[in-house]
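Trainee: You'll find query_26.pdb just under this line, and it carries PDB, C-alpha atoms.
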ATOM      1  CA  MET A 995     -19.661 -30.949 -12.732
ATOM      2  CA  ARG A 996     -19.873 -28.750  -9.633
ATOM      3  CA  SER A 997     -16.194 -29.384  -8.990
ATOM      4  CA  LEU A 998     -15.265 -28.650 -12.601
ATOM      5  CA  PHE A 999     -17.004 -25.266 -12.690
ATOM      6  CA  ALA A1000     -15.711 -24.393  -9.223
ATOM      7  CA  PHE A1001     -12.215 -25.099 -10.579
ATOM      8  CA  VAL A1002     -12.902 -22.938 -13.667
ATOM      9  CA  SER A1003     -14.175 -20.104 -11.466
ATOM     10  CA  GLY A1004     -11.192 -20.313  -9.113
ATOM     11  CA  SER A1005      -8.832 -20.331 -12.114
ATOM     12  CA  LEU A1006     -10.449 -17.235 -13.640
ATOM     13  CA  PHE A1007     -10.411 -15.507 -10.253
ATOM     14  CA  GLY A1008      -6.724 -16.246  -9.769
ATOM     15  CA  THR A1009      -5.822 -15.167 -13.307
ATOM     16  CA  GLY A1010      -7.749 -11.923 -12.843
ATOM     17  CA  LEU A1011      -5.996 -11.221  -9.545
ATOM     18  CA  LEU A1012      -2.600 -11.885 -11.115
ATOM     19  CA  ILE A1013      -2.952  -9.791 -14.277
ATOM     20  CA  SER A1014      -4.704  -6.921 -12.465
ATOM     21  CA  GLY A1015      -1.699  -6.606 -10.154
ATOM     22  CA  MET A1016      -3.725  -7.342  -7.012
ATOM     23  CA  THR A1017      -1.199  -9.905  -5.763
ATOM     24  CA  ASP A1018       1.368  -7.083  -5.672
ATOM     25  CA  THR A1019       0.982  -5.695  -2.157
ATOM     26  CA  ARG A1020       2.532  -2.360  -3.216
ATOM     27  CA  LYS A1021      -0.441  -1.679  -5.501
ATOM     28  CA  VAL A1022      -2.984  -2.488  -2.772
ATOM     29  CA  GLN A1023      -1.191  -0.410  -0.154
ATOM     30  CA  GLY A1024      -0.629   2.267  -2.790
ATOM     31  CA  TRP A1025      -4.383   2.531  -3.297
ATOM     32  CA  LEU A1026      -5.059   2.747   0.447
ATOM     33  CA  ASP A1027      -2.261   5.308   0.883
ATOM     34  CA  ILE A1028      -4.029   8.591   0.209
ATOM     35  CA  PHE A1029      -1.071  10.555   1.595
ATOM     36  CA  GLY A1030       1.527   8.734  -0.485
ATOM     37  CA  GLU A1031       1.878   8.283  -4.236
ATOM     38  CA  TRP A1032      -1.734   7.219  -4.763
ATOM     39  CA  ASP A1033      -2.254   4.238  -7.099
ATOM     40  CA  PRO A1034      -5.764   4.128  -8.623
ATOM     41  CA  THR A1035      -5.527   0.540  -9.988
ATOM     42  CA  LEU A1036      -7.665  -1.136  -7.304
ATOM     43  CA  ALA A1037     -10.643   1.055  -8.164
ATOM     44  CA  PHE A1038     -10.462  -0.132 -11.788
ATOM     45  CA  VAL A1039     -10.268  -3.758 -10.631
ATOM     46  CA  MET A1040     -13.320  -3.370  -8.383
ATOM     47  CA  GLY A1041     -15.243  -1.515 -11.086
ATOM     48  CA  GLY A1042     -14.247  -4.030 -13.751
ATOM     49  CA  ALA A1043     -15.357  -6.925 -11.545
ATOM     50  CA  MET A1044     -18.711  -5.418 -10.618
ATOM     51  CA  ILE A1045     -19.900  -5.055 -14.224
ATOM     52  CA  PRO A1046     -20.097  -8.823 -15.049
ATOM     53  CA  MET A1047     -21.299  -9.485 -11.499
ATOM     54  CA  ALA A1048     -24.159  -6.963 -11.737
ATOM     55  CA  ILE A1049     -25.221  -8.565 -15.039
ATOM     56  CA  ALA A1050     -25.031 -11.998 -13.387
ATOM     57  CA  TRP A1051     -27.283 -10.890 -10.527
ATOM     58  CA  ARG A1052     -29.848  -9.638 -13.080
ATOM     59  CA  LEU A1053     -29.729 -12.988 -14.860
ATOM     60  CA  THR A1054     -30.600 -14.804 -11.625
ATOM     61  CA  ARG A1055     -34.125 -13.344 -11.701
ATOM     62  CA  GLY A1056     -36.753 -15.981 -12.431
ATOM     63  CA  ARG A1057     -34.103 -18.657 -12.915
ATOM     64  CA  ASN A1058     -32.277 -21.332 -10.972
ATOM     65  CA  PRO A1059     -28.554 -22.157 -10.994
ATOM     66  CA  ALA A1060     -27.531 -24.234 -14.019
ATOM     67  CA  LEU A1061     -26.474 -27.161 -11.829
ATOM     68  CA  GLY A1062     -29.599 -27.102  -9.673
ATOM     69  CA  GLY A1063     -30.466 -25.763  -6.261
ATOM     70  CA  MET A1064     -31.450 -22.191  -5.511
ATOM     71  CA  PHE A1065     -29.668 -18.872  -5.729
ATOM     72  CA  PRO A1066     -28.532 -17.571  -2.334
ATOM     73  CA  ALA A1067     -31.160 -15.310  -0.800
ATOM     74  CA  LYS A1068     -30.074 -11.839   0.199
ATOM     75  CA  PRO A1069     -28.941 -12.177   3.812
ATOM     76  CA  ASP A1070     -30.576 -10.317   6.670
ATOM     77  CA  GLN A1071     -29.561  -6.701   6.085
ATOM     78  CA  LYS A1072     -29.029  -5.970   9.766
ATOM     79  CA  ILE A1073     -25.772  -4.096  10.430
ATOM     80  CA  GLY A1074     -24.481  -5.772  13.600
ATOM     81  CA  HIS A1075     -21.358  -5.364  15.690
ATOM     82  CA  ASN A1076     -19.755  -8.388  14.010
ATOM     83  CA  LEU A1077     -19.978  -6.798  10.563
ATOM     84  CA  VAL A1078     -18.490  -3.497  11.717
ATOM     85  CA  ILE A1079     -15.793  -4.817  14.078
ATOM     86  CA  GLY A1080     -14.872  -7.636  11.688
ATOM     87  CA  SER A1081     -14.556  -5.340   8.680
ATOM     88  CA  MET A1082     -12.395  -2.892  10.629
ATOM     89  CA  LEU A1083     -10.143  -5.675  11.882
ATOM     90  CA  PHE A1084      -9.888  -7.060   8.350
ATOM     91  CA  GLY A1085      -9.103  -3.617   6.919
ATOM     92  CA  PHE A1086      -6.403  -3.024   9.485
ATOM     93  CA  GLY A1087      -4.639  -6.262   8.551
ATOM     94  CA  TRP A1088      -5.228  -5.623   4.846
ATOM     95  CA  GLY A1089      -3.541  -2.226   5.060
ATOM     96  CA  LEU A1090      -0.678  -3.516   7.180
ATOM     97  CA  VAL A1091       0.532  -6.099   4.643
ATOM     98  CA  GLY A1092      -1.576  -5.524   1.508
ATOM     99  CA  LEU A1093      -3.077  -9.002   1.173
ATOM    100  CA  CYS A1094      -6.688 -10.136   1.459
ATOM    101  CA  PRO A1095      -7.865 -13.777   1.355
ATOM    102  CA  GLY A1096      -8.159 -14.233  -2.442
ATOM    103  CA  PRO A1097      -4.747 -12.826  -3.413
ATOM    104  CA  ALA A1098      -3.173 -14.582  -0.404
ATOM    105  CA  VAL A1099      -4.070 -17.969  -1.930
ATOM    106  CA  ALA A1100      -3.468 -16.884  -5.544
ATOM    107  CA  SER A1101       0.092 -15.750  -4.769
ATOM    108  CA  LEU A1102       1.049 -18.661  -2.492
ATOM    109  CA  SER A1103       3.216 -20.324  -5.141
ATOM    110  CA  TYR A1104       5.325 -17.212  -5.787
ATOM    111  CA  GLY A1105       4.835 -15.145  -2.618
ATOM    112  CA  GLY A1106       7.889 -16.487  -0.796
ATOM    113  CA  ILE A1107       8.170 -16.993   2.941
ATOM    114  CA  GLY A1108       6.162 -13.849   3.744
ATOM    115  CA  GLY A1109       3.212 -15.023   1.643
ATOM    116  CA  THR A1110       3.271 -18.473   3.254
ATOM    117  CA  VAL A1111       3.448 -17.069   6.792
ATOM    118  CA  PHE A1112       0.582 -14.687   6.009
ATOM    119  CA  ALA A1113      -1.622 -17.497   4.678
ATOM    120  CA  LEU A1114      -0.889 -19.741   7.670
ATOM    121  CA  ALA A1115      -1.681 -16.927  10.130
ATOM    122  CA  MET A1116      -4.880 -16.204   8.187
ATOM    123  CA  PHE A1117      -5.938 -19.880   8.402
ATOM    124  CA  VAL A1118      -5.304 -19.828  12.168
ATOM    125  CA  GLY A1119      -7.347 -16.624  12.443
ATOM    126  CA  MET A1120     -10.225 -18.212  10.531
ATOM    127  CA  ARG A1121     -10.023 -21.313  12.699
ATOM    128  CA  ILE A1122     -10.238 -19.413  16.007
ATOM    129  CA  ALA A1123     -12.769 -16.832  14.771
ATOM    130  CA  PRO A1124     -15.928 -18.795  15.743
ATOM    131  CA  VAL A1125     -14.782 -19.060  19.390
ATOM    132  CA  LEU A1126     -13.825 -15.380  19.552
ATOM    133  CA  ARG A1127     -17.088 -14.466  17.865
ATOM    134  CA  SER A1128     -19.221 -16.235  20.455
ATOM    135  CA  ARG A1129     -17.284 -14.459  23.242
ATOM    136  CA  LEU A1130     -17.841 -11.107  21.508
ATOM    137  CA  ASP A1131     -21.540 -11.885  21.133
ATOM    138  CA  ALA A1132     -21.744 -12.645  24.861
ATOM    139  CA  VAL A1133     -20.071  -9.346  25.700
ATOM    140  CA  ALA A1134     -22.322  -7.442  23.270
ATOM    141  CA  ALA A1135     -25.412  -9.078  24.773
ATOM    142  CA  ALA A1136     -24.299  -8.054  28.283
ATOM    143  CA  VAL A1137     -23.656  -4.417  27.386
TER     144      VAL A1137
ATOM    145  CA  MET B  55       2.926   2.747 -15.207
ATOM    146  CA  GLN B  56       0.211   4.180 -17.430
ATOM    147  CA  GLN B  57      -1.151   0.819 -18.583
ATOM    148  CA  ASP B  58      -1.773  -0.432 -15.070
ATOM    149  CA  TRP B  59      -5.391   0.668 -15.122
ATOM    150  CA  ILE B  60      -6.052  -1.286 -18.338
ATOM    151  CA  TRP B  61      -4.665  -4.451 -16.745
ATOM    152  CA  GLY B  62      -6.681  -3.603 -13.641
ATOM    153  CA  LEU B  63      -9.885  -3.285 -15.643
ATOM    154  CA  ALA B  64      -9.180  -6.472 -17.635
ATOM    155  CA  GLY B  65      -8.226  -8.466 -14.540
ATOM    156  CA  GLY B  66     -11.237  -7.065 -12.721
ATOM    157  CA  GLY B  67     -13.436  -8.211 -15.606
ATOM    158  CA  LEU B  68     -12.046 -11.742 -15.264
ATOM    159  CA  ILE B  69     -12.715 -11.655 -11.510
ATOM    160  CA  GLY B  70     -16.304 -10.608 -12.233
ATOM    161  CA  ILE B  71     -16.706 -13.392 -14.817
ATOM    162  CA  ALA B  72     -15.339 -15.857 -12.246
ATOM    163  CA  GLY B  73     -17.973 -14.664  -9.783
ATOM    164  CA  ALA B  74     -20.673 -14.914 -12.477
ATOM    165  CA  VAL B  75     -19.686 -18.527 -13.270
ATOM    166  CA  TYR B  76     -19.756 -19.510  -9.595
ATOM    167  CA  LEU B  77     -23.140 -17.813  -9.136
ATOM    168  CA  LEU B  78     -25.009 -18.743 -12.324
ATOM    169  CA  ILE B  79     -23.688 -22.310 -12.646
ATOM    170  CA  ASN B  80     -22.952 -23.462  -9.088
ATOM    171  CA  GLY B  81     -25.426 -21.140  -7.405
ATOM    172  CA  ARG B  82     -22.874 -19.896  -4.890
ATOM    173  CA  ILE B  83     -21.427 -16.536  -3.915
ATOM    174  CA  MET B  84     -17.733 -16.253  -4.782
ATOM    175  CA  GLY B  85     -16.363 -14.970  -1.499
ATOM    176  CA  ALA B  86     -12.770 -16.000  -0.859
ATOM    177  CA  SER B  87     -12.933 -15.726   2.940
ATOM    178  CA  GLY B  88     -16.154 -17.757   3.121
ATOM    179  CA  ILE B  89     -14.843 -20.444   0.782
ATOM    180  CA  ILE B  90     -11.558 -20.776   2.702
ATOM    181  CA  GLY B  91     -13.035 -20.204   6.163
ATOM    182  CA  GLY B  92     -15.705 -22.879   5.815
ATOM    183  CA  LEU B  93     -13.021 -25.418   4.914
ATOM    184  CA  VAL B  94     -10.715 -24.324   7.733
ATOM    185  CA  ASP B  95     -13.349 -24.401  10.501
ATOM    186  CA  GLY B  96     -15.199 -27.445   9.142
ATOM    187  CA  THR B  97     -18.531 -25.737   8.387
ATOM    188  CA  ALA B  98     -18.389 -26.250   4.606
ATOM    189  CA  GLY B  99     -20.485 -29.448   4.827
ATOM    190  CA  ASN B 100     -21.503 -30.773   1.409
ATOM    191  CA  GLN B 101     -19.864 -27.763  -0.253
ATOM    192  CA  ALA B 102     -16.400 -28.856   0.867
ATOM    193  CA  LYS B 103     -15.526 -30.608  -2.403
ATOM    194  CA  GLU B 104     -16.432 -27.780  -4.792
ATOM    195  CA  ARG B 105     -14.771 -25.253  -2.500
ATOM    196  CA  ALA B 106     -11.588 -27.306  -2.480
ATOM    197  CA  TRP B 107     -11.632 -27.380  -6.293
ATOM    198  CA  PHE B 108     -12.168 -23.623  -6.396
ATOM    199  CA  LEU B 109      -9.064 -23.176  -4.253
ATOM    200  CA  VAL B 110      -7.049 -25.605  -6.385
ATOM    201  CA  GLY B 111      -7.774 -23.404  -9.422
ATOM    202  CA  LEU B 112      -7.069 -20.223  -7.462
ATOM    203  CA  PHE B 113      -3.719 -21.541  -6.249
ATOM    204  CA  LEU B 114      -2.542 -23.501  -9.279
ATOM    205  CA  VAL B 115      -3.374 -21.353 -12.289
ATOM    206  CA  PRO B 116      -1.640 -18.113 -11.192
ATOM    207  CA  GLY B 117       1.293 -20.327 -10.217
ATOM    208  CA  ILE B 118       1.466 -21.748 -13.736
ATOM    209  CA  PHE B 119       1.137 -18.305 -15.355
ATOM    210  CA  SER B 120       3.829 -16.958 -13.067
ATOM    211  CA  LEU B 121       6.300 -19.383 -14.687
ATOM    212  CA  PHE B 122       5.787 -17.698 -18.051
ATOM    213  CA  LEU B 123       5.300 -14.071 -17.044
ATOM    214  CA  GLU B 124       8.315 -12.149 -15.883
ATOM    215  CA  ALA B 125       8.353 -13.376 -12.268
ATOM    216  CA  PRO B 126       5.496 -11.570 -10.538
ATOM    217  CA  ARG B 127       6.408 -10.520  -7.022
ATOM    218  CA  THR B 128       4.167  -9.778  -4.089
ATOM    219  CA  PHE B 129       6.587  -7.498  -2.194
ATOM    220  CA  VAL B 130       5.272  -8.668   1.183
ATOM    221  CA  THR B 131       7.086  -6.837   3.988
ATOM    222  CA  GLU B 132      10.072  -8.607   5.511
ATOM    223  CA  ASN B 133       8.757  -7.784   8.984
ATOM    224  CA  LEU B 134       7.363 -11.235   9.808
ATOM    225  CA  TRP B 135       5.719 -10.049  13.050
ATOM    226  CA  ALA B 136       3.674  -7.627  10.999
ATOM    227  CA  VAL B 137       2.862 -10.440   8.555
ATOM    228  CA  VAL B 138       1.625 -12.744  11.354
ATOM    229  CA  ALA B 139      -0.411  -9.962  12.979
ATOM    230  CA  ALA B 140      -1.950  -8.980   9.634
ATOM    231  CA  GLY B 141      -2.776 -12.593   8.738
ATOM    232  CA  LEU B 142      -4.525 -13.128  12.079
ATOM    233  CA  MET B 143      -6.490  -9.881  11.725
ATOM    234  CA  VAL B 144      -7.546 -10.702   8.157
ATOM    235  CA  GLY B 145      -8.548 -14.245   9.164
ATOM    236  CA  VAL B 146     -10.536 -13.286  12.264
ATOM    237  CA  GLY B 147     -11.963 -10.084  10.769
ATOM    238  CA  THR B 148     -13.295 -11.603   7.551
ATOM    239  CA  ARG B 149     -14.995 -14.419   9.482
ATOM    240  CA  PHE B 150     -16.566 -11.985  11.948
ATOM    241  CA  ALA B 151     -17.824  -9.859   9.068
ATOM    242  CA  ASN B 152     -18.787 -12.896   6.965
ATOM    243  CA  GLY B 153     -16.953 -11.616   3.929
ATOM    244  CA  CYS B 154     -14.016  -9.792   2.420
ATOM    245  CA  THR B 155     -13.148  -7.846  -0.728
ATOM    246  CA  SER B 156     -14.636 -10.480  -3.050
ATOM    247  CA  GLY B 157     -17.762 -11.450  -1.085
ATOM    248  CA  HIS B 158     -18.829  -8.101   0.380
ATOM    249  CA  GLY B 159     -17.094  -5.917  -2.198
ATOM    250  CA  VAL B 160     -17.498  -7.505  -5.622
ATOM    251  CA  CYS B 161     -20.498  -9.801  -5.018
ATOM    252  CA  GLY B 162     -22.295  -7.750  -2.353
ATOM    253  CA  ILE B 163     -22.185  -4.255  -3.813
ATOM    254  CA  SER B 164     -23.106  -5.539  -7.302
ATOM    255  CA  ARG B 165     -26.411  -6.848  -5.864
ATOM    256  CA  LEU B 166     -26.878  -3.558  -4.003
ATOM    257  CA  SER B 167     -26.468  -5.192  -0.591
ATOM    258  CA  LEU B 168     -26.363  -2.655   2.211
ATOM    259  CA  ARG B 169     -24.242  -5.019   4.327
ATOM    260  CA  GLY B 170     -21.708  -5.396   1.519
ATOM    261  CA  PHE B 171     -21.541  -1.641   1.089
ATOM    262  CA  VAL B 172     -21.164  -0.931   4.827
ATOM    263  CA  ALA B 173     -18.488  -3.628   5.222
ATOM    264  CA  THR B 174     -16.568  -2.210   2.252
ATOM    265  CA  VAL B 175     -16.657   1.329   3.668
ATOM    266  CA  PHE B 176     -15.346   0.078   7.021
ATOM    267  CA  TYR B 177     -12.521  -2.104   5.683
ATOM    268  CA  ILE B 178     -11.331   0.576   3.275
ATOM    269  CA  MET B 179     -11.391   3.202   6.042
ATOM    270  CA  ALA B 180      -9.510   0.891   8.415
ATOM    271  CA  GLY B 181      -7.071  -0.023   5.637
ATOM    272  CA  GLY B 182      -6.333   3.645   4.975
ATOM    273  CA  LEU B 183      -5.817   4.334   8.694
ATOM    274  CA  SER B 184      -3.608   1.253   8.937
ATOM    275  CA  VAL B 185      -1.320   2.509   6.165
ATOM    276  CA  ILE B 186      -1.114   5.941   7.792
ATOM    277  CA  LEU B 187      -0.273   4.415  11.191
ATOM    278  CA  PHE B 188       2.112   1.604  10.240
ATOM    279  CA  LYS B 189       3.783   3.202   7.236
ATOM    280  CA  HIS B 190       3.819   6.937   7.794
ATOM    281  CA  ILE B 191       3.762   7.260  11.602
ATOM    282  CA  LEU B 192       5.494   4.112  12.899
ATOM    283  CA  GLY B 193       7.459   3.241   9.761
ATOM    284  CA  TRP B 194       7.170  -0.531  10.403
ATOM    285  CA  VAL B 195       6.374  -1.576   6.843
TER     286      VAL B 195
END
Just give me the structure as structure tokens.
Mentor:
Amino acid sequence: MRSLFAFVSGSLFGTGLLISGMTDTRKVQGWLDIFGEWDPTLAFVMGGAMIPMAIAWRLTRGRNPALGGMFPAKPDQKIGHNLVIGSMLFGFGWGLVGLCPGPAVASLSYGGIGGTVFALAMFVGMRIAPVLRSRLDAVAAAV
Amino acid sequence: MQQDWIWGLAGGGLIGIAGAVYLLINGRIMGASGIIGGLVDGTAGNQAKERAWFLVGLFLVPGIFSLFLEAPRTFVTENLWAVVAAGLMVGVGTRFANGCTSGHGVCGISRLSLRGFVATVFYIMAGGLSVILFKHILGWV
């Protein structure tokens, strides 16, 4: 059952990314490009996604997940160097090509060689991140 | 095109419903970088199976739709060095920050998480600067 609903969720996510135009890198870069011909679509996608999600978070109160277990607790709200440096690094790559992790997977089947190379590089980045992160933590602790 | 925002809103709604299903039924946060990253670095543990199924849906279903829609294109730059550099930065960055557009943006901000909000401000700012630098100043992409 967990697998089935995970599959349903992934399918809905992918369909939403496709029809919203978020697997078209021109629309993502167009939204980030405030000095170019600005494309507002991404703001509508984010807004449209947050409405069901905000309702879902309200529904978690006093309940448990339908398939058992517990809802994820709000993580420690500390703003550390990893959050800031990581988000900036992510944003830099996101702006450079116009893909983030969800659309990168959703568009793999029709994204051509560029999409495949991006996804492979992203997997490598995710694989080496824990090692780099512990080095960064050591540096941050020393400063 | 004028209708783009309607498709954006509708697609966004589906993304939000996807996140609601993953949260209310499976009890998990739908963050693409966390779901992929945990599988890639082997930290997914007993969540590995459901995460794999999530990714199967994410990969397969847009692929099937793309056969019927007028061939959607991603328009990824032909500069493969830029593509490799961007992929590495997105991979490393999202794992450092523990989230991306879906986890910090959609799921985080909708629960009023300060971390999600701060992350989103930083990746949007960096994304804007990146476009200015690589597109307008250097003209690489």
Trainee: For the atom pair atom CA of Gly1015 of chain A and atom CA of Met1047 of chain A, what is the interatomic distance in Å to one decimal place?
Mentor: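 Distance reported for this atom pair: 19.9 Å.
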Trainee: Evaluate the PyMOL selection byres ((chain B and resi 117) around 8) and record the selected residues as number ranges by chain, following the chain and residue labels used in the document.
Mentor: A: 1100-1104; B: 113-116, 118-121
Trainee: Apply the PyMOL selection byres ((chain A and resi 1044) around 10) to the file shown and report the selected residues as a list in words.
Mentor: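 Those residues are Phe1038, Val1039, Met1040, Gly1041, Gly1042, Ala1043, Ile1045, Pro1046, Met1047, Ala1048, Ile1049 and Ala1050 of chain A; Gly66, Gly67, Ile69, Gly70, Ile71, Gly73, Ala74, Ser156, Gly159, Val160, Cys161, Gly162, Ile163, Ser164 and Arg165 of chain B.
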Trainee: Choose the residue, out of B:Ala173, B:Ala72, B:Ala125, B:Ile60, that has the smallest atom-to-atom separation from Asn152 of chain B; count only C-alpha atoms.
Mentor: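 Using only C-alpha atoms, Asn152 of chain B sits closest to B:Ala173.
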Trainee: So the first atom is atom CA of Phe188 of chain B and the second is atom CA of Gly1089 of chain A; what is the distance between them in Å, to one decimal place?
Mentor: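 Between these atoms lies a distance of 8.6 Å.
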Trainee: Measure the distance from atom CA of Met84 of chain B to atom CA of Ser1003 of chain A in Å and round it to one decimal.
Mentor: 8.5 Å
